[in-house]
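Enquirer: Below: one structure in structure tokens.
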Amino acid sequence: MHTISRDSPCYYLPSVAKDRLSVFRTDEIKLVTCAALNEARHSGNFALYAYVLMPDHLHVITDSTLQPSKTLQFINGITSRRIIDYLKEHKYESSLAKLRHETRQRSYTHSLWDHHPNVRLLWSEKMLMGRVNYTHQNPARAGIVNYPAEYRWSSVRCWNRKVLEDEPLLMNIDRISWRRS
């Protein structure tokens, strides 16, 4: 169980697509991304508490099992690899061209993410809930939907206990040890 405190915070981890490209427009790419987030969670052995996938960025809230940089490495590394592989497999050459760069260390030729981490430590349940609500409100603030629960690509239904039969990504909310009733 995770008791949220200064010694054991949650991490709020936004990731922005390279040049703010609208990479996450299709349901197929969003499903690949959700599967990659699930893979990252299991590979890194950390909990996912909330997420939202927007057209050009994502927000994730995790536990603090790992250092923030290591958690981001799992999330950004695995999602990047899975999405770039998907684009290559389906021959989305124009999308790949936008993500291409000079060959870098370890022979990488494409980058999905801008590397400007903006990690926030959430030291209390109040801070966590404020960031969860902010995360879930993103699609409504952006005008994609009228109400957060209408947006398929977020954890809002997990928090409302109204999970879909084919929910794209389940959360580990049950791992949080709440202090208040």
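In the structure tokens, the first chain shown is A, the next is B, and so on; residue numbers restart at 1 for each chain, and ligands run from 1 in the order shown.
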May I have the residues within 9 Å of Lys98 (chain A) as a list in words, using only C-alpha atoms and disregarding those fewer than 4 positions away in the same chain?

Expert: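 With the cut-off at 9 Å, the set is Lys18, Asp19, Leu21, Glu93, Ser94 and His110 of chain A.
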
Enquirer: Mind writing the picked residues with C-alpha atoms as a compact mmCIF listing (two decimals), in the first residue's frame?

Expert:
```txt
# COMPACT_ATOMS: atom_id res chain seq x y z
CA LYS A 18 8.18 16.43 -30.31
CA ASP A 19 7.32 19.88 -31.71
CA LEU A 21 2.90 17.17 -33.10
CA GLU A 93 6.21 7.83 -43.73
CA SER A 94 5.05 11.44 -43.34
CA HIS A 110 13.44 9.08 -34.42
```

Enquirer: Please list as a PyMOL selection string every residue within 12 Å of Ser155 (chain A), counting only C-alpha atoms and excluding residues in the same chain fewer than 5 positions away.

Expert: chain A and resi 34+48-53+58-61+132-139+148-150+160-164+167-173

Enquirer: So that I have them on file, write out the residues from the current selection with C-alpha atoms, as a PDB file, in the first residue's frame.

Expert:
```pdb
ATOM      1  CA  CYS A  34      -2.212   2.660 -23.515  1.00  0.00           C
ATOM      2  CA  LEU A  48      -0.286   4.133 -12.360  1.00  0.00           C
ATOM      3  CA  TYR A  49      -2.845   6.272 -10.550  1.00  0.00           C
ATOM      4  CA  ALA A  50      -4.178   8.529 -13.306  1.00  0.00           C
ATOM      5  CA  TYR A  51      -3.613   9.447 -16.932  1.00  0.00           C
ATOM      6  CA  VAL A  52      -5.010  11.350 -19.865  1.00  0.00           C
ATOM      7  CA  LEU A  53      -3.889  11.050 -23.456  1.00  0.00           C
ATOM      8  CA  LEU A  58      -0.014  12.927 -22.043  1.00  0.00           C
ATOM      9  CA  HIS A  59      -0.273  13.318 -18.278  1.00  0.00           C
ATOM     10  CA  VAL A  60       0.519  10.437 -15.944  1.00  0.00           C
ATOM     11  CA  ILE A  61       0.424  10.176 -12.162  1.00  0.00           C
ATOM     12  CA  VAL A 132      -6.043  13.979 -10.738  1.00  0.00           C
ATOM     13  CA  ASN A 133      -8.908  16.431 -11.301  1.00  0.00           C
ATOM     14  CA  TYR A 134      -6.698  18.709 -13.412  1.00  0.00           C
ATOM     15  CA  THR A 135      -5.621  15.695 -15.496  1.00  0.00           C
ATOM     16  CA  HIS A 136      -9.195  14.499 -16.046  1.00  0.00           C
ATOM     17  CA  GLN A 137     -10.438  18.002 -16.939  1.00  0.00           C
ATOM     18  CA  ASN A 138      -7.892  18.363 -19.766  1.00  0.00           C
ATOM     19  CA  PRO A 139     -10.118  17.065 -22.623  1.00  0.00           C
ATOM     20  CA  PRO A 148     -14.466  14.535 -18.687  1.00  0.00           C
ATOM     21  CA  ALA A 149     -16.279  11.184 -18.419  1.00  0.00           C
ATOM     22  CA  GLU A 150     -17.089  11.368 -22.139  1.00  0.00           C
ATOM     23  CA  ASN A 160     -15.629   7.217 -10.762  1.00  0.00           C
ATOM     24  CA  ARG A 161     -15.819   3.416 -10.416  1.00  0.00           C
ATOM     25  CA  LYS A 162     -17.608   3.205 -13.784  1.00  0.00           C
ATOM     26  CA  VAL A 163     -15.019   1.233 -15.750  1.00  0.00           C
ATOM     27  CA  LEU A 164     -15.883   0.216 -19.292  1.00  0.00           C
ATOM     28  CA  GLU A 167     -11.337   0.132 -20.633  1.00  0.00           C
ATOM     29  CA  PRO A 168      -8.112   1.064 -22.455  1.00  0.00           C
ATOM     30  CA  LEU A 169      -5.955   1.257 -19.310  1.00  0.00           C
ATOM     31  CA  LEU A 170      -6.793   0.319 -15.724  1.00  0.00           C
ATOM     32  CA  MET A 171      -5.347   2.176 -12.751  1.00  0.00           C
ATOM     33  CA  ASN A 172      -3.816   1.011  -9.450  1.00  0.00           C
ATOM     34  CA  ILE A 173      -5.986   3.240  -7.258  1.00  0.00           C
TER      35      ILE A 173
END
```

Enquirer: Could you state the separation of CA of Arg141 (chain A) and CA of Arg175 (chain A) in Å, given to one decimal place?

Expert: 28.9 Å

Enquirer: Taking 5 positions as the minimum chain separation for residues in the same chain, which residues sit within 12 Å of Asp166 (chain A) when counting only C-alpha atoms? Answer as a list in words.

Expert: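 So, after excluding close chain neighbours, the residues are Leu31, Arg152, Trp153 and Arg157 of chain A.
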
Enquirer: Just N, CA and C atoms for this one: save the residues we selected as a tab-separated table (two decimals), in the first residue's frame.

Expert:
```tsv
chain	number	residue	atom	x	y	z
A	31	LEU	N	-4.56	3.28	-28.54
A	31	LEU	CA	-4.52	1.93	-27.97
A	31	LEU	C	-3.09	1.43	-27.81
A	152	ARG	N	-12.72	8.87	-23.72
A	152	ARG	CA	-12.32	7.48	-23.55
A	152	ARG	C	-10.88	7.34	-23.04
A	153	TRP	N	-10.00	8.25	-23.37
A	153	TRP	CA	-8.57	8.08	-23.17
A	153	TRP	C	-8.06	8.74	-21.89
A	157	ARG	N	-12.99	7.27	-15.53
A	157	ARG	CA	-13.97	6.23	-15.20
A	157	ARG	C	-13.46	5.31	-14.08
```

Enquirer: From the DSSP assignment of the backbone, select every residue of chain A that is strand (DSSP E or B), and format the answer as a list in words.

Expert: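 Restricting chain A to strand (DSSP E or B) produces His2, Cys10, Tyr11, Tyr12, Leu13, Pro14, Ser15, Val16, Ala17, Leu48, Tyr49, Ala50, Tyr51, Val52, Leu53, His57, Leu58, His59, Val60, Ile61, Thr62, Arg100, His110, Trp113, Arg120, Leu121, Leu122, Ser154 and Ile176 of chain A.
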
Enquirer: Env of region 12-17 of chain A: 8 Å cut, atoms = only C-alpha atoms, seq-sep filter 2 positions within chain, self excluded. Answer as a list in words.

Expert: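 After dropping sequence-adjacent residues, the list is Cys10, Asp19, Arg20, Leu21, Ser22, Val23, Asp56, His57, Leu58, His59, Val60, Ile61, Thr62, Leu72, Asn76, Leu112, Trp113, Asp114, Pro117, Asn118, Val119, Arg120, Leu121, Leu122 and Arg131 of chain A.
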
Enquirer: Quick check for you: according to DSSP on this backbone, which residues of region 4-175 of chain A are classed as alpha helix (DSSP H)? Reply as an MDAnalysis selection string.

Expert: chainID A and resid 27:44 68:89 93:99 125:141 156:159

Enquirer: Restricting the calculation to only C-alpha atoms: of A:Glu89, A:Tyr11, A:Arg179, A:Val145, which residue gets closest to Gln67 (chain A)?

Expert: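 With only C-alpha atoms as the atom set, the closest residue is A:Tyr11.
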
Enquirer: For Ile176 (chain A), which of A:Asp63, A:Asp7, A:Asp27, A:Asp85 is the closest residue, counting only C-alpha atoms?

Expert: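 Nearest to Ile176 (chain A): A:Asp63.
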